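Source file query-v2.txt; content: compact mmCIF, C-alpha atoms.
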```txt
# COMPACT_ATOMS: atom_id res chain seq x y z
CA MET A 1 146.07 101.46 -41.12
CA VAL A 2 142.72 102.93 -40.45
CA LYS A 3 139.83 100.68 -41.64
CA LYS A 4 137.22 102.32 -43.79
CA ALA A 5 133.65 102.17 -42.52
CA SER A 6 131.48 99.70 -44.51
CA LYS A 7 129.11 101.42 -46.89
CA VAL A 8 125.39 101.16 -46.19
CA ALA A 9 123.25 100.24 -49.18
CA ALA A 10 121.52 103.23 -50.65
CA PRO A 11 117.71 103.41 -50.30
CA PRO A 12 115.77 102.33 -53.41
CA LYS A 13 114.80 105.03 -55.82
CA ALA A 14 111.21 106.11 -56.24
CA GLY A 15 110.72 104.57 -59.70
CA THR A 16 112.14 101.05 -59.07
CA THR A 17 108.77 99.24 -58.74
CA SER A 18 107.57 100.48 -62.12
CA VAL A 19 110.91 99.44 -63.61
CA LYS A 20 110.38 95.88 -62.29
CA LYS A 21 106.90 95.78 -63.77
CA ASP A 22 108.21 96.97 -67.11
CA ALA A 23 110.87 94.25 -66.99
CA LYS A 24 108.16 91.62 -66.39
CA LYS A 25 106.13 92.92 -69.30
CA ASP A 26 109.20 92.82 -71.52
CA PHE A 27 109.90 89.24 -70.43
CA LYS A 28 106.31 88.20 -71.22
CA SER A 29 106.37 89.92 -74.57
CA LEU A 30 109.69 88.28 -75.45
CA HIS A 31 108.56 84.80 -74.40
CA SER A 32 104.88 85.05 -75.29
CA HIS A 33 105.29 82.25 -77.85
CA LEU A 34 106.22 79.89 -74.99
CA PHE A 35 103.30 80.71 -72.69
CA ALA A 36 100.47 81.26 -75.15
CA LYS A 37 97.00 80.96 -73.56
CA ASP A 38 95.07 78.21 -75.28
CA ALA A 39 91.52 78.68 -74.05
CA ARG A 40 89.04 75.99 -75.00
CA ASP A 41 86.07 76.84 -77.16
CA TYR A 42 83.01 74.64 -76.68
CA ARG A 43 80.94 76.06 -79.52
CA ILE A 44 79.65 73.86 -82.33
CA GLY A 45 82.47 72.23 -84.29
CA ARG A 46 85.18 73.35 -81.86
CA ASP A 47 86.62 71.59 -78.81
CA ILE A 48 85.15 68.33 -77.51
CA GLN A 49 82.61 68.85 -74.73
CA PRO A 50 83.73 67.84 -71.20
CA ARG A 51 82.36 64.60 -69.77
CA ARG A 52 79.17 65.13 -67.78
CA ASP A 53 76.72 62.88 -65.96
CA LEU A 54 73.89 62.67 -68.51
CA SER A 55 71.85 59.97 -66.75
CA ARG A 56 69.18 62.60 -66.00
CA PHE A 57 68.65 63.13 -69.74
CA VAL A 58 68.76 59.47 -70.79
CA ARG A 59 65.56 57.99 -72.13
CA TRP A 60 65.57 54.83 -70.04
CA PRO A 61 63.68 51.69 -71.13
CA ARG A 62 60.13 51.31 -69.90
CA TYR A 63 60.90 48.50 -67.45
CA VAL A 64 63.66 50.60 -65.81
CA ARG A 65 61.32 53.58 -65.39
CA LEU A 66 58.60 51.35 -63.97
CA GLN A 67 60.83 49.66 -61.41
CA ARG A 68 62.21 53.04 -60.28
CA GLN A 69 58.73 54.54 -59.98
CA ARG A 70 57.59 51.45 -58.08
CA ALA A 71 60.51 51.80 -55.65
CA ILE A 72 59.67 55.48 -55.02
CA LEU A 73 55.97 54.69 -54.57
CA LYS A 74 56.82 51.99 -52.02
CA LEU A 75 58.72 54.63 -50.02
CA ARG A 76 56.04 57.34 -50.31
CA LEU A 77 52.82 55.37 -49.80
CA LYS A 78 51.77 54.09 -46.39
CA VAL A 79 52.21 50.31 -46.37
CA PRO A 80 49.84 48.20 -44.21
CA PRO A 81 51.43 45.93 -41.58
CA ALA A 82 50.54 42.72 -43.42
CA ILE A 83 52.73 43.79 -46.37
CA ASN A 84 55.30 45.81 -44.41
CA GLN A 85 56.36 42.69 -42.44
CA PHE A 86 58.03 41.34 -45.61
CA SER A 87 60.59 44.18 -45.45
CA LYS A 88 62.01 42.71 -42.21
CA CYS A 89 64.36 40.00 -43.48
CA LEU A 90 67.02 37.92 -41.78
CA ASP A 91 70.45 39.56 -41.68
CA LYS A 92 73.34 38.31 -43.79
CA THR A 93 74.99 36.03 -41.20
CA GLN A 94 71.76 34.36 -40.11
CA ALA A 95 70.62 33.89 -43.71
CA SER A 96 73.98 32.37 -44.73
CA ASN A 97 73.82 29.89 -41.82
CA LEU A 98 70.26 28.97 -42.78
CA PHE A 99 71.06 28.39 -46.45
CA LYS A 100 74.20 26.45 -45.55
CA THR A 101 72.06 24.04 -43.49
CA LEU A 102 69.33 23.81 -46.14
CA SER A 103 71.88 23.09 -48.88
CA HIS A 104 72.30 19.57 -47.41
CA TYR A 105 68.61 18.90 -48.09
CA ARG A 106 68.26 19.92 -51.71
CA PRO A 107 65.83 17.72 -53.68
CA GLU A 108 67.23 15.50 -56.42
CA THR A 109 67.62 16.95 -59.90
CA ARG A 110 65.86 15.60 -63.00
CA GLU A 111 68.99 13.72 -64.06
CA GLU A 112 69.38 12.09 -60.63
CA LYS A 113 65.73 11.11 -60.54
CA LYS A 114 65.93 9.66 -64.07
CA LYS A 115 69.03 7.65 -63.14
CA ARG A 116 67.38 6.31 -59.96
CA LEU A 117 64.21 5.26 -61.82
CA LEU A 118 66.25 3.57 -64.57
CA GLU A 119 68.24 1.57 -62.02
CA SER A 120 65.08 0.47 -60.20
CA ALA A 121 63.45 -0.50 -63.53
CA LYS A 122 66.50 -2.57 -64.52
CA GLY A 123 66.36 -4.32 -61.16
CA GLU A 124 62.67 -5.16 -61.66
CA VAL A 125 63.41 -6.58 -65.14
CA LYS A 126 66.10 -8.84 -63.70
CA GLY A 127 63.64 -10.02 -61.05
CA GLU A 128 65.41 -8.42 -58.11
CA ALA A 129 63.43 -7.41 -55.07
CA LYS A 130 62.54 -3.73 -54.93
CA LYS A 131 64.92 -1.89 -52.63
CA THR A 132 63.25 0.02 -49.83
CA GLY A 133 65.83 2.50 -48.64
CA THR A 134 65.52 5.17 -45.99
CA LYS A 135 63.09 8.01 -46.59
CA PRO A 136 64.84 10.86 -48.44
CA LEU A 137 65.09 14.07 -46.43
CA TYR A 138 64.41 17.02 -48.72
CA VAL A 139 63.09 20.52 -48.19
CA LYS A 140 59.45 20.76 -49.22
CA PHE A 141 58.26 23.36 -51.70
CA GLY A 142 55.03 24.37 -53.40
CA ILE A 143 52.70 26.78 -51.59
CA ASN A 144 49.79 24.31 -51.34
CA HIS A 145 52.03 21.55 -49.99
CA ILE A 146 53.59 23.91 -47.43
CA THR A 147 50.15 25.11 -46.31
CA THR A 148 49.09 21.49 -45.66
CA LEU A 149 52.30 20.81 -43.70
CA ILE A 150 51.72 23.91 -41.53
CA GLU A 151 48.09 22.99 -40.86
CA GLN A 152 49.15 19.46 -39.87
CA LYS A 153 52.03 20.94 -37.78
CA LYS A 154 54.56 18.78 -39.60
CA ALA A 155 56.71 21.74 -40.70
CA LYS A 156 59.61 22.47 -38.32
CA LEU A 157 60.61 25.69 -40.11
CA VAL A 158 59.08 27.71 -42.96
CA VAL A 159 61.24 30.05 -45.06
CA ILE A 160 59.36 32.72 -47.09
CA ALA A 161 60.79 34.95 -49.83
CA HIS A 162 60.41 38.72 -49.34
CA ASP A 163 59.90 39.69 -53.01
CA VAL A 164 57.02 37.47 -54.12
CA ASP A 165 54.92 39.16 -56.78
CA PRO A 166 51.94 39.31 -56.41
CA ILE A 167 52.36 39.48 -52.63
CA GLU A 168 48.86 38.01 -52.14
CA LEU A 169 50.35 34.55 -52.75
CA VAL A 170 52.13 34.57 -49.37
CA VAL A 171 50.71 37.54 -47.46
CA TRP A 172 48.59 35.23 -45.27
CA LEU A 173 51.36 32.69 -44.59
CA PRO A 174 53.00 34.44 -41.56
CA SER A 175 49.61 34.71 -39.82
CA LEU A 176 48.97 31.01 -40.39
CA CYS A 177 52.41 30.12 -39.02
CA ARG A 178 51.79 32.21 -35.88
CA LYS A 179 48.36 30.65 -35.40
CA MET A 180 49.68 27.08 -35.75
CA ASP A 181 52.85 27.94 -33.72
CA VAL A 182 55.19 26.97 -36.56
CA PRO A 183 58.48 28.91 -36.65
CA TYR A 184 58.98 30.94 -39.82
CA CYS A 185 61.37 33.51 -41.23
CA ILE A 186 61.54 35.87 -44.22
CA VAL A 187 64.66 35.90 -46.40
CA LYS A 188 65.77 37.96 -49.36
CA SER A 189 65.28 36.83 -52.95
CA LYS A 190 62.85 34.26 -54.27
CA ALA A 191 65.60 33.41 -56.80
CA ARG A 192 67.85 32.24 -53.96
CA LEU A 193 65.10 29.96 -52.68
CA GLY A 194 64.52 28.71 -56.22
CA GLN A 195 68.20 27.90 -56.62
CA LEU A 196 67.94 25.76 -53.49
CA ILE A 197 65.31 23.49 -55.10
CA HIS A 198 66.63 23.60 -58.71
CA LYS A 199 63.99 26.09 -59.89
CA LYS A 200 64.10 29.66 -61.17
CA THR A 201 62.14 31.03 -58.22
CA ALA A 202 60.29 29.75 -55.16
CA THR A 203 57.80 31.52 -52.91
CA ALA A 204 58.54 29.44 -49.80
CA VAL A 205 60.17 26.22 -48.59
CA ALA A 206 59.57 24.14 -45.48
CA VAL A 207 61.74 21.81 -43.40
CA THR A 208 59.98 18.77 -41.95
CA GLU A 209 62.84 16.52 -40.83
CA VAL A 210 66.62 16.70 -40.58
CA ARG A 211 69.36 14.23 -39.79
CA LYS A 212 70.59 13.80 -36.23
CA GLU A 213 73.85 15.61 -36.88
CA ASP A 214 71.95 18.70 -38.15
CA GLN A 215 69.29 18.77 -35.44
CA SER A 216 71.29 21.09 -33.17
CA LYS A 217 71.84 23.56 -36.06
CA LEU A 218 68.11 23.59 -36.81
CA ASP A 219 67.32 24.16 -33.13
CA GLN A 220 69.71 27.14 -33.06
CA ILE A 221 68.10 28.64 -36.17
CA VAL A 222 64.59 28.16 -34.73
CA ALA A 223 65.68 29.71 -31.40
CA ALA A 224 67.04 32.77 -33.27
CA VAL A 225 64.00 33.07 -35.57
CA ARG A 226 61.15 32.76 -33.05
CA PRO A 227 61.73 36.04 -31.16
CA LEU A 228 62.22 37.92 -34.46
CA TYR A 229 59.01 36.75 -36.15
CA ASN A 230 56.61 34.50 -34.20
CA GLU A 231 56.86 36.37 -30.90
CA ASN A 232 57.53 39.86 -32.26
CA VAL A 233 53.89 40.90 -32.67
CA THR A 234 54.50 44.65 -32.08
CA ASP A 235 56.88 45.02 -35.04
CA MET A 236 54.59 42.94 -37.23
CA LYS A 237 51.75 45.44 -36.58
CA LYS A 238 53.71 48.54 -37.61
CA TRP A 239 52.80 50.49 -40.71
CA GLY A 240 55.55 51.14 -43.21
CA GLY A 241 56.30 53.71 -45.90
CA GLY A 242 55.36 57.38 -45.59
CA ILE A 243 58.95 58.47 -46.30
CA MET A 244 58.81 61.68 -48.33
CA GLY A 245 61.46 63.11 -50.66
CA VAL A 246 64.36 65.38 -49.67
CA LYS A 247 62.53 68.59 -50.68
CA SER A 248 59.34 67.65 -48.81
CA GLN A 249 61.34 66.77 -45.69
CA ALA A 250 63.13 70.15 -45.87
CA VAL A 251 59.79 72.00 -46.13
CA THR A 252 58.39 70.03 -43.17
CA ARG A 253 61.45 70.84 -41.03
CA LYS A 254 61.18 74.53 -41.99
CA ARG A 255 57.52 74.61 -40.91
CA GLU A 256 58.37 72.85 -37.63
CA ARG A 257 61.12 75.41 -36.88
CA ALA A 258 58.73 78.29 -37.67
CA ALA A 259 56.08 76.77 -35.38
CA ALA A 260 58.68 76.34 -32.59
CA ARG A 261 59.74 80.02 -32.94
CA GLU A 262 56.13 81.19 -32.75
CA ALA A 263 55.60 79.02 -29.65
CA THR A 264 58.66 80.52 -27.90
CA LYS A 265 57.55 84.09 -28.80
CA SER A 266 54.05 83.52 -27.41
CA SER A 267 55.45 81.99 -24.21
CA LYS A 268 57.78 85.00 -23.71
CA ALA A 269 54.92 87.44 -24.31
CA VAL A 270 52.86 85.76 -21.58
```
Represent the supplied structure as structure tokens.
Amino acid sequence: MVKKASKVAAPPKAGTTSVKKDAKKDFKSLHSHLFAKDARDYRIGRDIQPRRDLSRFVRWPRYVRLQRQRAILKLRLKVPPAINQFSKCLDKTQASNLFKTLSHYRPETREEKKKRLLESAKGEVKGEAKKTGTKPLYVKFGINHITTLIEQKKAKLVVIAHDVDPIELVVWLPSLCRKMDVPYCIVKSKARLGQLIHKKTATAVAVTEVRKEDQSKLDQIVAAVRPLYNENVTDMKKWGGGIMGVKSQAVTRKRERAAAREATKSSKAV
């Protein structure tokens, strides 16, 4: 038997594309109830408005506005070196080591002091001899007391808070420490210093003596602190601030680029 040649598919007719489109339209019209467009309407009384960041339009409390304006002013204004030095604080690891060492020398609380005095009073009533124990080793606090210890060179290390307000209370203390060759450092948060001595806040604390087992730790801290503060005179004489906003910086860069282009044009012309 002779095999018939396989038929080749006929070429598509001219009007097939329009037929397909018509079929799609018919399908949409038939099933329009399934795919109905439900556009949202954000007019008054209609759909709920989408969530937006409205912090720009919030009427913030006065204290929030003031602290934000103060933060911006501190960036914009030129800060003299005497005040700018308080922005250079110990880093996190050094500060944690320092506070870990100082935590062993916290002064006694009111309850502990009351208990100690009651026990000594009871002993005196019974006719017992007054006990003379070893001298308690506590960190010293109070700006006048610390000043006296620095002037007498009894302070082994002075720790100053960076956020004392008004800054005039401690602005002279680093200079005094450098003059009397007493090691000092600046740490973050007067509240953290206050917590160390059972107070709300503290401007500065001083270490006069430590136990023998902690002497090596204190020596390490002093060795790390001296080059950063006492001996680092160049950084302590730098002015701070003068950081403008994003828009001002963009304008300044644009002017600098324009000046550079003019300079290159003039050099080529010559």
Practice task
Fewer than 5 positions away in the same chain doesn't count, so skip those; otherwise give me all residues within 8 Å of segment 164-176 of chain A, counting only C-alpha atoms, as a list in words.
Solution key: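 These residues fall inside the cut-off: Ala82, Ile83, Thr147, Ile150, Tyr184, Lys190 and Thr203 of chain A.
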Exercise for the section: Just give me the gap between atom CA of Asp38 of chain A and atom CA of Pro50 of chain A in Å, one decimal is fine. Expected result: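 Distance between the two atoms: 15.9 Å.
Closest to Pro80 of chain A among A:Lys237, A:Lys217, A:Lys122, A:Lys188 is A:Lys237, based on only C-alpha atoms.
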Listed atoms of segment 209-220 of chain A boxed axis-aligned with 3 Å per side, centre + edges as AutoDock Vina command-line options:
```
--center_x 68.3 --center_y 20.5 --center_z -36.9 --size_x 17.0 --size_y 19.3 --size_z 13.8
```
Handout entry: Within-8 Å shell of (66.6, 20.2, -47.1) in input frame, all atoms listed in the file, as a ChimeraX atom specification
Key = /A:101-107,137-140,207,210
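Between Leu157 of chain A and the candidates A:Val58, A:Ile72, A:Val205, A:Val64, the tightest atom-to-atom separation, counting all atoms listed in the file, involves A:Val205.
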Handout entry: Residue with smallest distance to His162 of chain A - pool A:Thr93, A:Thr208, A:Thr201, A:Ser120, counting all atoms listed in the file
Key =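 Ranking A:Thr93, A:Thr208, A:Thr201, A:Ser120 by distance to His162 of chain A, first place goes to A:Thr201.
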Exercise for the section: Pull the neighbourhood of (55.2, 50.0, -48.7) for me: all residues within 12 Å in file coordinates, counting only C-alpha atoms, as a PyMOL selection string. Expected result: chain A and resi 70-88+167+238-243
Practice task
Please provide as a VMD selection string all residues within 7 Å of Val187 of chain A, with the sequence filter that same-chain residues fewer than 2 positions apart are discarded (counting all atoms listed in the file).
Solution key: chain A and resid 89 to 90 95 159 to 162 185 189
Would you mind exporting the chosen residues as a short mmCIF file (atom, residue, chain, number, x, y, z; two decimals), keeping the file's coordinate frame, restricted to C-alpha atoms?
```cif
data_model
loop_
_atom_site.label_atom_id
_atom_site.label_comp_id
_atom_site.auth_asym_id
_atom_site.auth_seq_id
_atom_site.Cartn_x
_atom_site.Cartn_y
_atom_site.Cartn_z
CA CYS A 89 64.36 40.00 -43.48
CA LEU A 90 67.02 37.92 -41.78
CA ALA A 95 70.62 33.89 -43.71
CA VAL A 159 61.24 30.05 -45.06
CA ILE A 160 59.36 32.72 -47.09
CA ALA A 161 60.79 34.95 -49.83
CA HIS A 162 60.41 38.72 -49.34
CA CYS A 185 61.37 33.51 -41.23
CA SER A 189 65.28 36.83 -52.95
#
```
Exercise for the section: Would you kindly return, as a count of residues only, each protein, DNA or RNA residue with an atom no farther than 12 Å from any atom of Leu228 of chain A, considering all atoms listed in the file and excluding same-chain residues fewer than 3 positions away? Expected result: 22
Exercise for the section: Name the residues in contact with Phe141 of chain A at a cut-off of 7 Å, using all atoms listed in the file, excluding same-chain residues fewer than 3 positions from it; report them as a PyMOL selection string. Expected result: chain A and resi 145-146+204-206
Practice task
Record the distance separating atom CA of Ser267 of chain A and atom CA of Arg253 of chain A, expressed in Å with one decimal.
Solution key: 21.1 Å
Working from the structure I just supplied, which lacks atoms in segment 104-140 of chain A, can you model N, CA and C atoms there and output them as a CSV table (one decimal), in the frame of the given file?
```
chain,number,residue,atom,x,y,z
A,104,HIS,N,72.1,21.0,-47.6
A,104,HIS,CA,72.3,19.6,-47.4
A,104,HIS,C,71.0,18.8,-47.7
A,105,TYR,N,69.9,19.5,-47.9
A,105,TYR,CA,68.6,18.9,-48.1
A,105,TYR,C,67.9,19.3,-49.4
A,106,ARG,N,68.8,19.6,-50.4
A,106,ARG,CA,68.3,19.9,-51.7
A,106,ARG,C,67.6,18.7,-52.3
A,107,PRO,N,66.5,18.9,-53.0
A,107,PRO,CA,65.8,17.7,-53.7
A,107,PRO,C,66.7,17.3,-54.9
A,108,GLU,N,66.5,16.0,-55.3
A,108,GLU,CA,67.2,15.5,-56.4
A,108,GLU,C,66.9,16.2,-57.7
A,109,THR,N,67.8,16.3,-58.6
A,109,THR,CA,67.6,17.0,-59.9
A,109,THR,C,66.9,16.0,-60.8
A,110,ARG,N,66.5,16.5,-62.0
A,110,ARG,CA,65.9,15.6,-63.0
A,110,ARG,C,66.8,14.4,-63.4
A,111,GLU,N,68.0,14.8,-63.6
A,111,GLU,CA,69.0,13.7,-64.1
A,111,GLU,C,69.1,12.6,-63.0
A,112,GLU,N,69.2,13.1,-61.7
A,112,GLU,CA,69.4,12.1,-60.6
A,112,GLU,C,68.1,11.2,-60.5
A,113,LYS,N,67.0,11.9,-60.6
A,113,LYS,CA,65.7,11.1,-60.5
A,113,LYS,C,65.6,10.1,-61.7
A,114,LYS,N,66.0,10.5,-62.9
A,114,LYS,CA,65.9,9.7,-64.1
A,114,LYS,C,66.9,8.5,-63.9
A,115,LYS,N,68.1,8.7,-63.4
A,115,LYS,CA,69.0,7.6,-63.1
A,115,LYS,C,68.5,6.7,-62.1
A,116,ARG,N,67.9,7.2,-61.0
A,116,ARG,CA,67.4,6.3,-60.0
A,116,ARG,C,66.3,5.4,-60.5
A,117,LEU,N,65.3,6.0,-61.3
A,117,LEU,CA,64.2,5.3,-61.8
A,117,LEU,C,64.7,4.2,-62.8
A,118,LEU,N,65.7,4.5,-63.6
A,118,LEU,CA,66.2,3.6,-64.6
A,118,LEU,C,66.9,2.4,-63.9
A,119,GLU,N,67.6,2.7,-62.8
A,119,GLU,CA,68.2,1.6,-62.0
A,119,GLU,C,67.2,0.7,-61.4
A,120,SER,N,66.1,1.3,-60.8
A,120,SER,CA,65.1,0.5,-60.2
A,120,SER,C,64.3,-0.3,-61.2
A,121,ALA,N,64.1,0.2,-62.5
A,121,ALA,CA,63.4,-0.5,-63.5
A,121,ALA,C,64.3,-1.7,-64.0
A,122,LYS,N,65.6,-1.5,-64.1
A,122,LYS,CA,66.5,-2.6,-64.5
A,122,LYS,C,66.5,-3.7,-63.5
A,123,GLY,N,66.4,-3.3,-62.2
A,123,GLY,CA,66.4,-4.3,-61.2
A,123,GLY,C,65.1,-5.1,-61.2
A,124,GLU,N,64.0,-4.5,-61.5
A,124,GLU,CA,62.7,-5.2,-61.7
A,124,GLU,C,62.7,-6.1,-62.8
A,125,VAL,N,63.3,-5.7,-63.9
A,125,VAL,CA,63.4,-6.6,-65.1
A,125,VAL,C,64.2,-7.9,-64.8
A,126,LYS,N,65.3,-7.7,-64.1
A,126,LYS,CA,66.1,-8.8,-63.7
A,126,LYS,C,65.4,-9.7,-62.6
A,127,GLY,N,64.3,-9.2,-62.1
A,127,GLY,CA,63.6,-10.0,-61.0
A,127,GLY,C,64.1,-9.8,-59.6
A,128,GLU,N,64.9,-8.7,-59.4
A,128,GLU,CA,65.4,-8.4,-58.1
A,128,GLU,C,64.3,-7.8,-57.3
A,129,ALA,N,64.4,-8.0,-56.0
A,129,ALA,CA,63.4,-7.4,-55.1
A,129,ALA,C,63.6,-5.9,-55.0
A,130,LYS,N,62.5,-5.2,-54.9
A,130,LYS,CA,62.5,-3.7,-54.9
A,130,LYS,C,63.2,-3.2,-53.6
A,131,LYS,N,64.2,-2.4,-53.8
A,131,LYS,CA,64.9,-1.9,-52.6
A,131,LYS,C,64.1,-0.8,-51.9
A,132,THR,N,64.0,-1.0,-50.6
A,132,THR,CA,63.2,0.0,-49.8
A,132,THR,C,64.3,0.7,-48.9
A,133,GLY,N,64.8,1.8,-49.4
A,133,GLY,CA,65.8,2.5,-48.6
A,133,GLY,C,65.2,3.4,-47.6
A,134,THR,N,66.0,4.2,-47.0
A,134,THR,CA,65.5,5.2,-46.0
A,134,THR,C,64.8,6.3,-46.7
A,135,LYS,N,63.9,6.9,-46.0
A,135,LYS,CA,63.1,8.0,-46.6
A,135,LYS,C,64.0,9.2,-46.9
A,136,PRO,N,64.0,9.7,-48.1
A,136,PRO,CA,64.8,10.9,-48.4
A,136,PRO,C,64.4,12.1,-47.7
A,137,LEU,N,65.4,12.8,-47.2
A,137,LEU,CA,65.1,14.1,-46.4
A,137,LEU,C,65.4,15.3,-47.3
A,138,TYR,N,64.3,15.9,-47.8
A,138,TYR,CA,64.4,17.0,-48.7
A,138,TYR,C,63.6,18.2,-48.1
A,139,VAL,N,64.0,19.4,-48.5
A,139,VAL,CA,63.1,20.5,-48.2
A,139,VAL,C,61.8,20.5,-49.1
A,140,LYS,N,60.7,20.8,-48.5
A,140,LYS,CA,59.4,20.8,-49.2
A,140,LYS,C,59.2,22.1,-49.8
```
